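Everything below belongs to final_24.cif, which stores mmCIF, C-alpha atoms and all ligand atoms.
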data_target
loop_
_atom_site.label_atom_id
_atom_site.label_comp_id
_atom_site.auth_asym_id
_atom_site.auth_seq_id
_atom_site.Cartn_x
_atom_site.Cartn_y
_atom_site.Cartn_z
CA MET I 228 15.66 -18.74 -9.69
CA ALA I 229 12.25 -19.55 -10.81
CA GLU I 230 8.75 -18.27 -10.12
CA LYS I 231 7.26 -19.55 -6.85
CA GLY I 232 4.23 -21.08 -8.56
CA LEU I 233 6.38 -22.99 -11.03
CA ILE I 234 8.56 -24.35 -8.23
CA ALA I 235 5.45 -25.35 -6.24
CA LEU I 236 4.04 -27.13 -9.30
CA LEU I 237 7.22 -29.16 -9.78
CA GLU I 238 7.42 -29.91 -6.04
CA GLU I 239 3.87 -31.22 -6.16
CA LEU I 240 4.66 -33.48 -9.14
CA ILE I 241 7.80 -34.84 -7.43
CA SER I 242 5.85 -35.54 -4.23
CA LEU I 243 3.49 -37.82 -6.21
CA PRO I 244 5.55 -41.02 -6.64
CA SER I 245 5.29 -42.55 -10.11
CA VAL I 246 8.04 -45.15 -10.27
CA ASN I 247 7.80 -47.40 -13.30
CA PRO I 248 6.27 -50.71 -12.11
CA GLU I 249 9.13 -52.61 -13.72
CA HIS I 250 11.49 -50.72 -11.38
CA SER I 251 9.47 -51.25 -8.18
CA LYS I 252 6.79 -53.64 -6.99
CA ASP I 253 5.90 -51.35 -4.06
CA VAL I 254 2.33 -50.18 -4.74
CA GLU I 255 2.86 -47.15 -2.46
CA ILE I 256 5.26 -45.63 -4.98
CA ASN I 257 4.77 -47.38 -8.32
CA GLY I 258 2.51 -46.62 -11.27
CA GLU I 259 1.50 -43.38 -12.93
CA SER I 260 -2.00 -43.06 -11.40
CA ARG I 261 -1.18 -40.33 -8.84
CA VAL I 262 0.46 -38.08 -11.44
CA ALA I 263 -2.29 -38.91 -13.94
CA SER I 264 -5.03 -37.73 -11.54
CA PHE I 265 -3.14 -34.51 -10.83
CA LEU I 266 -2.52 -33.84 -14.51
CA HIS I 267 -6.17 -34.53 -15.33
CA VAL I 268 -7.33 -31.82 -12.91
CA TYR I 269 -4.57 -29.38 -13.88
CA LEU I 270 -5.26 -29.66 -17.62
CA GLU I 271 -9.00 -29.16 -17.03
CA SER I 272 -8.18 -26.00 -15.08
CA LEU I 273 -6.32 -24.74 -18.18
CA GLY I 274 -9.42 -25.39 -20.32
CA PHE I 275 -8.48 -28.77 -21.82
CA ASP I 276 -10.91 -31.62 -22.46
CA VAL I 277 -9.21 -34.60 -20.88
CA GLU I 278 -9.43 -38.24 -21.84
CA ILE I 279 -7.95 -41.02 -19.70
CA ASP I 280 -6.83 -43.71 -22.10
CA THR I 281 -6.10 -47.10 -20.54
CA VAL I 282 -2.87 -48.56 -21.88
CA GLU I 283 -2.92 -51.75 -19.83
CA GLU I 284 -4.34 -52.84 -16.45
CA GLY I 285 -3.76 -49.94 -14.04
CA ARG I 286 -1.76 -47.88 -16.55
CA CYS I 287 -3.02 -44.95 -18.62
CA ASN I 288 -2.16 -42.03 -20.85
CA VAL I 289 -3.69 -38.66 -20.00
CA ILE I 290 -4.66 -36.90 -23.23
CA GLY I 291 -5.84 -33.28 -23.02
CA ARG I 292 -7.13 -31.40 -26.06
CA ILE I 293 -8.05 -27.77 -26.54
CA GLY I 294 -8.99 -26.09 -29.81
CA PRO I 295 -10.99 -27.01 -32.91
CA ASP I 296 -11.34 -30.57 -34.20
CA ASP I 297 -10.37 -29.32 -37.65
CA PRO I 298 -7.46 -27.06 -36.71
CA VAL I 299 -5.15 -24.98 -38.93
CA LYS I 300 -2.33 -26.64 -36.97
CA SER I 301 -2.15 -29.19 -34.18
CA ILE I 302 0.71 -29.03 -31.70
CA MET I 303 1.43 -31.83 -29.24
CA LEU I 304 3.31 -31.46 -25.97
CA GLU I 305 4.19 -34.88 -24.57
CA ALA I 306 5.87 -35.73 -21.26
CA HIS I 307 6.16 -39.14 -19.66
CA MET I 308 4.73 -39.57 -16.17
CA ASP I 309 6.86 -42.50 -14.97
CA THR I 310 10.28 -42.24 -13.34
CA VAL I 311 13.04 -44.78 -12.81
CA GLY I 312 13.36 -46.50 -9.41
CA VAL I 313 14.64 -44.96 -6.20
CA ALA I 314 16.86 -47.69 -4.72
CA GLY I 315 20.25 -46.33 -3.66
CA MET I 316 19.26 -42.67 -3.89
CA SER I 317 21.24 -40.32 -1.65
CA ILE I 318 18.37 -37.82 -1.34
CA ALA I 319 14.73 -38.15 -0.27
CA PRO I 320 13.13 -39.06 -3.60
CA PHE I 321 9.63 -37.67 -2.97
CA SER I 322 10.35 -34.78 -0.54
CA PRO I 323 11.76 -32.09 -2.81
CA VAL I 324 14.52 -29.86 -1.45
CA ILE I 325 15.98 -26.66 -2.90
CA GLN I 326 19.68 -26.05 -2.48
CA ASP I 327 22.11 -23.89 -4.51
CA ASN I 328 19.39 -22.96 -6.99
CA ARG I 329 18.67 -26.63 -7.66
CA LEU I 330 15.49 -28.55 -6.96
CA TYR I 331 16.26 -32.13 -5.89
CA GLY I 332 13.96 -35.17 -6.13
CA ARG I 333 13.19 -38.21 -8.29
CA GLY I 334 11.87 -36.96 -11.61
CA ALA I 335 13.11 -33.38 -11.05
CA CYS I 336 14.66 -33.36 -14.51
CA ASP I 337 13.32 -36.62 -15.99
CA ASP I 338 10.60 -35.90 -16.66
CA LYS I 339 8.59 -33.82 -14.20
CA GLY I 340 10.63 -30.60 -14.64
CA PRO I 341 9.99 -30.43 -18.40
CA MET I 342 6.32 -31.37 -17.78
CA ALA I 343 5.94 -28.60 -15.17
CA ALA I 344 7.59 -26.01 -17.46
CA ALA I 345 5.12 -26.79 -20.26
CA LEU I 346 2.07 -26.75 -17.95
CA TRP I 347 3.23 -23.46 -16.43
CA ALA I 348 3.73 -21.95 -19.90
CA LEU I 349 0.07 -22.50 -20.85
CA ARG I 350 -1.57 -20.91 -17.79
CA ASP I 351 -3.23 -17.48 -17.58
CA GLY I 352 -5.56 -18.33 -20.42
CA LEU I 353 -2.79 -18.80 -23.00
CA ALA I 354 -3.98 -22.27 -24.06
CA LYS I 355 -7.49 -20.85 -24.67
CA LYS I 356 -6.13 -17.87 -26.61
CA VAL I 357 -4.09 -20.15 -28.89
CA ALA I 358 -7.11 -22.41 -29.39
CA GLU I 359 -9.23 -19.43 -30.44
CA ARG I 360 -6.77 -18.84 -33.27
CA GLY I 361 -7.65 -22.22 -34.75
CA ILE I 362 -4.73 -24.15 -33.27
CA GLN I 363 -5.32 -27.38 -31.40
CA ILE I 364 -2.99 -28.14 -28.49
CA ILE I 365 -2.74 -31.76 -27.37
CA PHE I 366 -1.05 -32.23 -24.00
CA VAL I 367 -0.14 -35.82 -23.21
CA GLY I 368 1.10 -37.40 -19.99
CA ALA I 369 2.38 -40.77 -21.18
CA ALA I 370 2.78 -44.02 -19.27
CA GLY I 371 5.81 -46.26 -19.22
CA GLU I 372 8.46 -44.39 -21.21
CA GLU I 373 11.35 -45.66 -19.10
CA THR I 374 10.87 -49.31 -20.00
CA GLY I 375 10.10 -49.07 -23.69
CA ASN I 376 7.63 -46.29 -24.69
CA LEU I 377 4.53 -48.16 -23.47
CA GLY I 378 2.20 -45.15 -23.67
CA ALA I 379 3.66 -43.66 -26.85
CA LEU I 380 3.34 -47.01 -28.62
CA LYS I 381 -0.38 -47.03 -27.71
CA MET I 382 -0.70 -43.53 -29.20
CA GLN I 383 1.11 -44.72 -32.31
CA ARG I 384 -1.28 -47.69 -32.66
CA ASP I 385 -4.31 -45.40 -32.15
CA GLY I 386 -2.97 -42.68 -34.47
CA VAL I 387 -2.97 -39.99 -31.75
CA GLY I 388 -0.58 -37.59 -33.49
CA ALA I 389 -0.22 -33.93 -34.44
CA ASP I 390 1.34 -31.71 -37.10
CA TRP I 391 4.06 -30.75 -34.66
CA ALA I 392 5.17 -32.72 -31.61
CA ILE I 393 7.43 -31.44 -28.86
CA VAL I 394 8.50 -34.37 -26.72
CA LEU I 395 9.46 -32.89 -23.37
CA GLU I 396 12.72 -34.28 -21.99
CA PRO I 397 15.74 -32.63 -20.32
CA THR I 398 17.77 -31.62 -23.37
CA GLY I 399 19.42 -28.60 -21.72
CA LEU I 400 17.18 -26.47 -24.02
CA ASP I 401 18.90 -27.85 -27.11
CA ILE I 402 16.66 -29.07 -29.91
CA VAL I 403 17.12 -32.80 -30.40
CA HIS I 404 15.84 -33.58 -33.89
CA ALA I 405 17.25 -37.09 -34.27
CA HIS I 406 18.03 -39.90 -31.94
CA LYS I 407 19.00 -43.52 -32.14
CA GLY I 408 16.61 -46.37 -31.54
CA ALA I 409 17.26 -49.49 -29.50
CA CYS I 410 16.84 -53.14 -30.33
CA TRP I 411 17.28 -55.27 -27.19
CA PHE I 412 17.34 -58.98 -27.80
CA GLU I 413 18.31 -62.29 -26.27
CA ILE I 414 20.11 -65.15 -27.94
CA ARG I 415 19.79 -68.54 -26.33
CA LEU I 416 21.90 -71.51 -27.38
CA ASP I 417 21.16 -75.04 -26.33
CA GLY I 418 24.03 -77.51 -26.35
CA VAL I 419 24.40 -81.14 -25.44
CA SER I 420 25.73 -81.87 -21.98
CA ALA I 421 28.37 -84.50 -21.29
CA HIS I 422 30.95 -85.23 -18.60
CA GLY I 423 33.66 -82.60 -18.42
CA SER I 424 36.32 -85.26 -18.94
CA SER I 425 34.87 -86.13 -22.38
CA PRO I 426 33.89 -82.84 -23.99
CA GLU I 427 33.95 -84.45 -27.46
CA ARG I 428 30.74 -86.31 -26.51
CA GLY I 429 28.77 -83.09 -26.06
CA VAL I 430 28.24 -79.71 -27.69
CA ASN I 431 29.33 -76.86 -25.41
CA ALA I 432 26.86 -73.95 -25.55
CA ILE I 433 29.39 -71.55 -23.98
CA ASN I 434 31.98 -72.30 -26.67
CA GLY I 435 29.23 -71.80 -29.23
CA MET I 436 28.35 -68.46 -27.69
CA ALA I 437 31.99 -67.33 -27.92
CA ARG I 438 31.66 -67.73 -31.69
CA VAL I 439 28.32 -65.92 -31.64
CA ILE I 440 29.89 -62.97 -29.81
CA ARG I 441 32.61 -62.67 -32.46
CA MET I 442 29.92 -62.91 -35.12
CA LEU I 443 27.91 -60.08 -33.50
CA GLU I 444 30.99 -57.88 -33.26
CA ASP I 445 31.79 -58.52 -36.94
CA MET I 446 28.20 -57.72 -37.90
CA VAL I 447 28.12 -54.36 -36.14
CA GLU I 448 31.53 -53.45 -37.58
CA GLU I 449 30.20 -54.17 -41.08
CA ASP I 450 27.10 -52.09 -40.33
CA ARG I 451 29.20 -49.22 -38.98
CA LYS I 452 31.13 -49.13 -42.26
CA LYS I 453 27.89 -48.83 -44.23
CA LEU I 454 25.92 -46.57 -41.88
CA GLN I 455 27.30 -43.34 -40.48
CA SER I 456 25.25 -40.28 -39.60
CA PRO I 457 26.89 -36.88 -39.08
CA LEU I 458 24.37 -36.26 -36.28
CA LEU I 459 24.39 -39.64 -34.57
CA GLY I 460 27.58 -41.47 -35.49
CA GLY I 461 27.24 -45.16 -36.24
CA PRO I 462 25.24 -48.04 -34.81
CA THR I 463 26.62 -49.65 -31.63
CA LEU I 464 26.33 -52.98 -29.88
CA ASN I 465 26.74 -53.82 -26.21
CA ILE I 466 26.53 -57.27 -24.70
CA GLY I 467 24.95 -56.60 -21.31
CA THR I 468 24.66 -60.04 -19.74
CA ILE I 469 25.73 -63.63 -20.30
CA HIS I 470 24.56 -66.68 -18.38
CA GLY I 471 25.48 -70.28 -19.03
CA GLY I 472 26.68 -73.60 -17.72
CA GLU I 473 25.88 -75.62 -14.63
CA ALA I 474 29.13 -76.83 -13.14
CA ILE I 475 32.85 -76.84 -13.84
CA ASN I 476 32.88 -80.51 -14.87
CA ILE I 477 29.80 -80.51 -17.11
CA VAL I 478 29.75 -79.61 -20.82
CA ALA I 479 27.47 -76.54 -20.82
CA ASN I 480 24.06 -77.35 -22.26
CA ALA I 481 22.72 -73.79 -22.35
CA CYS I 482 23.95 -70.23 -22.64
CA ALA I 483 22.02 -66.97 -22.99
CA LEU I 484 23.20 -63.52 -24.04
CA ARG I 485 21.40 -60.16 -23.79
CA VAL I 486 22.36 -57.59 -26.37
CA ASP I 487 21.66 -53.84 -26.70
CA ARG I 488 21.96 -52.82 -30.34
CA ARG I 489 21.48 -49.07 -30.98
CA MET I 490 19.97 -48.30 -34.36
CA LEU I 491 20.17 -45.41 -36.80
CA PRO I 492 17.16 -44.02 -38.70
CA GLY I 493 16.53 -46.45 -41.55
CA GLU I 494 17.31 -49.52 -39.44
CA SER I 495 14.70 -51.73 -37.83
CA CYS I 496 14.86 -54.33 -35.08
CA GLU I 497 13.15 -56.83 -37.41
CA GLY I 498 15.84 -56.30 -40.07
CA ILE I 499 18.67 -56.65 -37.58
CA LEU I 500 17.26 -59.83 -36.02
CA SER I 501 16.59 -61.43 -39.36
CA ALA I 502 20.27 -60.89 -40.27
CA VAL I 503 21.33 -62.33 -36.90
CA ARG I 504 19.13 -65.39 -37.40
CA SER I 505 20.53 -66.13 -40.84
CA ARG I 506 24.13 -65.90 -39.54
CA LEU I 507 23.22 -68.19 -36.65
CA ALA I 508 21.72 -70.64 -39.13
CA ALA I 509 25.02 -70.59 -41.03
CA LEU I 510 26.98 -71.33 -37.83
CA GLN I 511 24.54 -74.16 -37.12
CA ALA I 512 25.00 -75.58 -40.62
CA GLU I 513 28.78 -75.58 -40.01
CA GLY I 514 28.17 -77.50 -36.75
CA LYS I 515 29.59 -74.67 -34.60
CA ILE I 516 26.40 -74.36 -32.55
CA HIS I 517 23.65 -76.84 -31.73
CA THR I 518 20.25 -75.07 -31.59
CA PHE I 519 19.44 -71.40 -31.15
CA ASP I 520 16.58 -69.06 -30.33
CA VAL I 521 16.42 -65.27 -30.76
CA THR I 522 13.79 -63.15 -28.97
CA VAL I 523 13.12 -59.41 -28.71
CA VAL I 524 13.38 -58.06 -25.16
CA ASN I 525 12.42 -54.48 -26.04
CA LYS I 526 12.63 -52.12 -28.96
CA SER I 527 12.33 -48.39 -29.54
CA SER I 528 12.40 -46.67 -32.92
CA PRO I 529 15.00 -44.15 -34.07
CA PHE I 530 13.80 -40.87 -35.58
CA VAL I 531 15.07 -37.92 -37.57
CA THR I 532 13.31 -34.65 -38.42
CA ASP I 533 14.78 -32.55 -41.20
CA HIS I 534 16.76 -29.63 -39.76
CA GLN I 535 14.87 -27.28 -42.10
CA SER I 536 11.57 -28.05 -40.38
CA ASP I 537 9.56 -24.89 -39.60
CA LEU I 538 8.96 -26.24 -36.09
CA ILE I 539 12.72 -26.20 -35.47
CA ALA I 540 13.12 -22.74 -37.02
CA ARG I 541 10.34 -21.28 -34.84
CA LEU I 542 11.54 -22.87 -31.62
CA ALA I 543 15.17 -21.87 -32.28
CA ALA I 544 14.05 -18.27 -32.93
CA THR I 545 12.09 -18.30 -29.67
CA CYS I 546 15.14 -19.56 -27.76
CA ARG I 547 17.22 -16.73 -29.22
CA LYS I 548 14.60 -14.19 -28.03
CA HIS I 549 15.33 -15.50 -24.54
CA ALA I 550 19.10 -15.28 -25.05
CA ILE I 551 19.44 -19.07 -25.19
CA ASP I 552 21.92 -20.19 -27.81
CA THR I 553 20.13 -23.44 -28.58
CA LYS I 554 21.88 -26.11 -30.64
CA GLN I 555 20.29 -28.58 -33.03
CA VAL I 556 21.67 -31.95 -32.09
CA GLY I 557 21.27 -35.71 -32.31
CA ALA I 558 21.19 -37.97 -29.25
CA SER I 559 22.28 -41.53 -28.54
CA TRP I 560 19.46 -42.15 -26.01
CA PHE I 561 15.89 -42.94 -27.05
CA SER I 562 12.55 -41.40 -26.07
CA ASP I 563 8.87 -41.34 -26.96
CA ALA I 564 9.86 -39.29 -30.04
CA GLY I 565 10.69 -42.58 -31.83
CA PRO I 566 7.13 -43.93 -31.99
CA LEU I 567 5.51 -40.46 -32.13
CA ALA I 568 7.59 -39.38 -35.15
CA GLU I 569 5.88 -42.13 -37.12
CA ILE I 570 2.47 -40.47 -36.69
CA CYS I 571 3.41 -36.77 -36.30
CA GLY I 572 4.42 -34.37 -39.06
CA HIS I 573 7.49 -32.87 -37.36
CA THR I 574 8.84 -34.18 -34.07
CA ILE I 575 11.56 -32.82 -31.80
CA VAL I 576 12.70 -33.38 -28.21
CA PHE I 577 13.16 -30.29 -26.06
CA GLY I 578 13.08 -29.24 -22.43
CA PRO I 579 14.88 -27.77 -19.43
CA GLY I 580 17.31 -29.76 -17.29
CA ASP I 581 20.32 -31.85 -18.12
CA ILE I 582 20.07 -35.48 -19.23
CA ARG I 583 23.24 -36.18 -17.20
CA GLN I 584 21.18 -35.74 -14.02
CA ALA I 585 18.47 -38.15 -15.18
CA HIS I 586 18.35 -41.52 -13.36
CA THR I 587 21.03 -40.39 -10.84
CA LYS I 588 21.08 -40.96 -7.07
CA ASP I 589 20.75 -37.20 -6.44
CA GLU I 590 18.61 -36.13 -9.39
CA PHE I 591 17.99 -32.38 -9.62
CA ILE I 592 17.03 -29.62 -12.04
CA ASP I 593 18.65 -26.23 -12.24
CA LEU I 594 15.96 -23.65 -11.45
CA ASP I 595 17.21 -21.14 -14.04
CA SER I 596 16.91 -23.79 -16.73
CA LEU I 597 13.41 -24.71 -15.49
CA GLN I 598 12.28 -21.08 -15.70
CA LYS I 599 13.87 -20.56 -19.13
CA GLY I 600 12.12 -23.66 -20.40
CA ALA I 601 8.75 -22.33 -19.23
CA ASP I 602 9.45 -18.85 -20.64
CA ILE I 603 10.49 -20.21 -24.04
CA LEU I 604 7.45 -22.47 -24.34
CA LYS I 605 5.19 -19.59 -23.28
CA THR I 606 6.62 -17.28 -25.97
CA PHE I 607 6.47 -20.11 -28.51
CA PHE I 608 2.71 -20.48 -27.95
CA GLU I 609 2.11 -16.72 -27.72
CA ASP I 610 3.76 -16.36 -31.15
CA ALA I 611 1.83 -19.37 -32.48
CA GLY I 612 -1.40 -17.69 -31.35
CA ALA I 613 -0.40 -14.34 -32.84
CA ASN I 614 0.72 -15.64 -36.25
CA SER I 615 -1.00 -17.70 -38.81
CA LEU I 616 0.63 -21.13 -38.79
CA ASN I 617 -0.78 -22.30 -42.10
ZN ZN S 701 12.74 -39.10 -19.72
#
Mind turning this structure into structure tokens?
Amino acid sequence: MAEKGLIALLEELISLPSVNPEHSKDVEINGESRVASFLHVYLESLGFDVEIDTVEEGRCNVIGRIGPDDPVKSIMLEAHMDTVGVAGMSIAPFSPVIQDNRLYGRGACDDKGPMAAALWALRDGLAKKVAERGIQIIFVGAAGEETGNLGALKMQRDGVGADWAIVLEPTGLDIVHAHKGACWFEIRLDGVSAHGSSPERGVNAINGMARVIRMLEDMVEEDRKKLQSPLLGGPTLNIGTIHGGEAINIVANACALRVDRRMLPGESCEGILSAVRSRLAALQAEGKIHTFDVTVVNKSSPFVTDHQSDLIARLAATCRKHAIDTKQVGASWFSDAGPLAEICGHTIVFGPGDIRQAHTKDEFIDLDSLQKGADILKTFFEDAGANSLN
């Protein structure tokens, strides 16, 4: 079980709908503003100075700071405020229910449970005590993680970083210190249409795309031979959608493919797409395809933090104090840690709850995990306040 106040805090966050606007157009439930207002007030009650940073029209990051401007150490806690959509859910998404030691609702584990655990950890004057020891805590509620790190990318552009960053996500209290990035792109081929009875008069974009698919598979196989990480495995490629052609008796004059290429640290979407474009140009020169266009749909950076990082050592020791046998792992999903790692000294992803329950039709968080997460973060900050972190 978990403390009543912690449960009430998470229930309150779940009851404030914050569906990512790309997942719902319904203004009654979409956008982060309700959670942002709540977080603003809550952080101020903990002693934080809060800044509302507009990311785009109607979207914002909530950035709370406590502690000196010139700190001995700055520690960021970052949780995203948006959730995925609620269509097809088998539970009431915004009316939290407790059953079998689980709290059910949209965002219970992704990402409101981890956010609640961290807020709960800093109450009773702990944030102020840590600040008095020369440590700055930066607590961020970020917009738009679910559709491509919108808020974290704004922080990256503005240089809002820290020495240590704990990105709060449901990792089952394991320490994720590397994850893959994603490069989502679209390839469009234009052909030349002709009557289906005389295909030699046209250029069939679907046939061309069949060659492109083989080319993409060959490319990722070559990359997998060169790039293998003991933590993350190799890069992967999934073709998610294909659309093309007009009618059975017309030579297809267009075909479009959407591709999800997962990247390892060291790879970039720009590098991958430039290789794809030069292979497409070669196919074009051979007359296998007519014209092509490649566009980025979305991208999120990979990251890796050295396993010898003192942030990892301290957090792992804290977990052991609470009898949690935490593992240091890599993940195939992406998070705000990708962009934040580029401006923070050491970055990890950590939090209560299980990623397997994220985005599900009956999302929940285990209440023991929620409480452990809060307890571990509390001890982590108590120790940070008690020790010199130079
Ligand atoms: Zn999440």
Check your understanding: Of the candidates I:Ala389, I:Leu400, I:Ile582, I:Met436, which one gets nearest to ligand ZN 701 (chain S) if we count only C-alpha atoms and all ligand atoms?
Key ->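 Of all the options, I:Ile582 lies closest to ligand ZN 701 (chain S).
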Exercise for review: Within 6 Å of ligand ZN 701 (chain S), which residues show up when you count all atoms listed in the file? List them as a ChimeraX atom specification, please.
Suggested key: /I:337-338,396
Practice item. With only C-alpha atoms counted, which protein, DNA or RNA residues have an atom no more than 10 Å from (7.4, -23.1, -10.1) in the file frame? Please answer as a PyMOL selection string. Key: chain I and resi 228-239+340+343-344+347+594+597-598+601
Exercise for review: Pick out the residues sitting within 7 Å of Val357 of chain I, and hand them over as a ChimeraX atom specification; count all atoms listed in the file, and ignore anything fewer than 3 positions along from it in its own chain.
Suggested key: /I:353-354,360,362,608,611-612
Check your understanding: If you count all atoms listed in the file, which residues fall within 12 Å of segment 544-554 of chain I, apart from same-chain ones fewer than 6 positions away, as a ChimeraX atom specification?
Key -> /I:398-404,458,534,537-538,576-579,595-596,598-611
Point to revise | Coordinates-based distance that separates atom CA of Ala263 of chain I from atom CA of Val311 of chain I (Å, one decimal) | key: 16.5 Å
Practice item. Using atom CA of Leu243 of chain I and atom CA of Ile256 of chain I as the two end points, give the distance in Å to one decimal. Key: 8.1 Å
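A straight line drawn from atom CA of Lys515 of chain I to atom CA of Ile477 of chain I is 18.4 Å long.
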Set up a box along x, y and z of the file covering all listed atoms of segment 506-517 of chain I, add 3 Å on every one of the six sides, and write the centre and edge lengths in Å to one decimal, as JSON.
{"center_x": 25.7, "center_y": -71.7, "center_z": -36.4, "size_x": 13.9, "size_y": 17.6, "size_z": 15.3}
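Excluding Gly565 of chain I and any residue on its chain fewer than 2 positions from it, the residues at most 6 Å away by only C-alpha atoms are Ser528, Pro529, Phe530, Asp563, Leu567 and Ala568 of chain I.
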Check your understanding: For Ile475 of chain I, which residue among I:Ile499, I:Ile575, I:Leu304, I:Ala421 is the nearest when counting all atoms listed in the file?
Key -> I:Ala421
Study note, to complete from the structure: From the list I:Leu491, I:Ile241, I:Leu510, I:Ala369, the nearest residue to Val324 of chain I using all atoms listed in the file is I:Ile241
Residues of segment 377-437 of chain I that have any atom at most 12 Å from an atom of segment 276-280 of chain I: could you tabulate them with the shortest-distance atom pair and the distance in Å to one decimal, using only C-alpha atoms, ordered by chain and increasing number, as a Markdown table?
| residue | atom | partner | partner_atom | distance |
| --- | --- | --- | --- | --- |
| I:Gly378 | CA | I:Asp280 | CA | 9.3 |
| I:Ala379 | CA | I:Asp280 | CA | 11.5 |
| I:Lys381 | CA | I:Asp280 | CA | 9.2 |
| I:Met382 | CA | I:Asp280 | CA | 9.4 |
| I:Asp385 | CA | I:Asp280 | CA | 10.5 |
| I:Val387 | CA | I:Asp280 | CA | 11.0 |
Review point. Within 12 Å of (22.6, -40.6, -14.6), all atoms listed in the file: residues as a PyMOL selection string?
Key: chain I and resi 311+316+333-334+336-337+397+560+581-591
Practice item. Excluding Pro248 of chain I and residues on its chain fewer than 5 positions from it, collect all residues at most 9 Å away from it, counting only C-alpha atoms, and give them as a list in words. Key: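 Contacts, in chain order: Asp253, Val254, Ile256, Asn257, Gly258, Glu259, Asp309, Gly312 and Gly371 of chain I.
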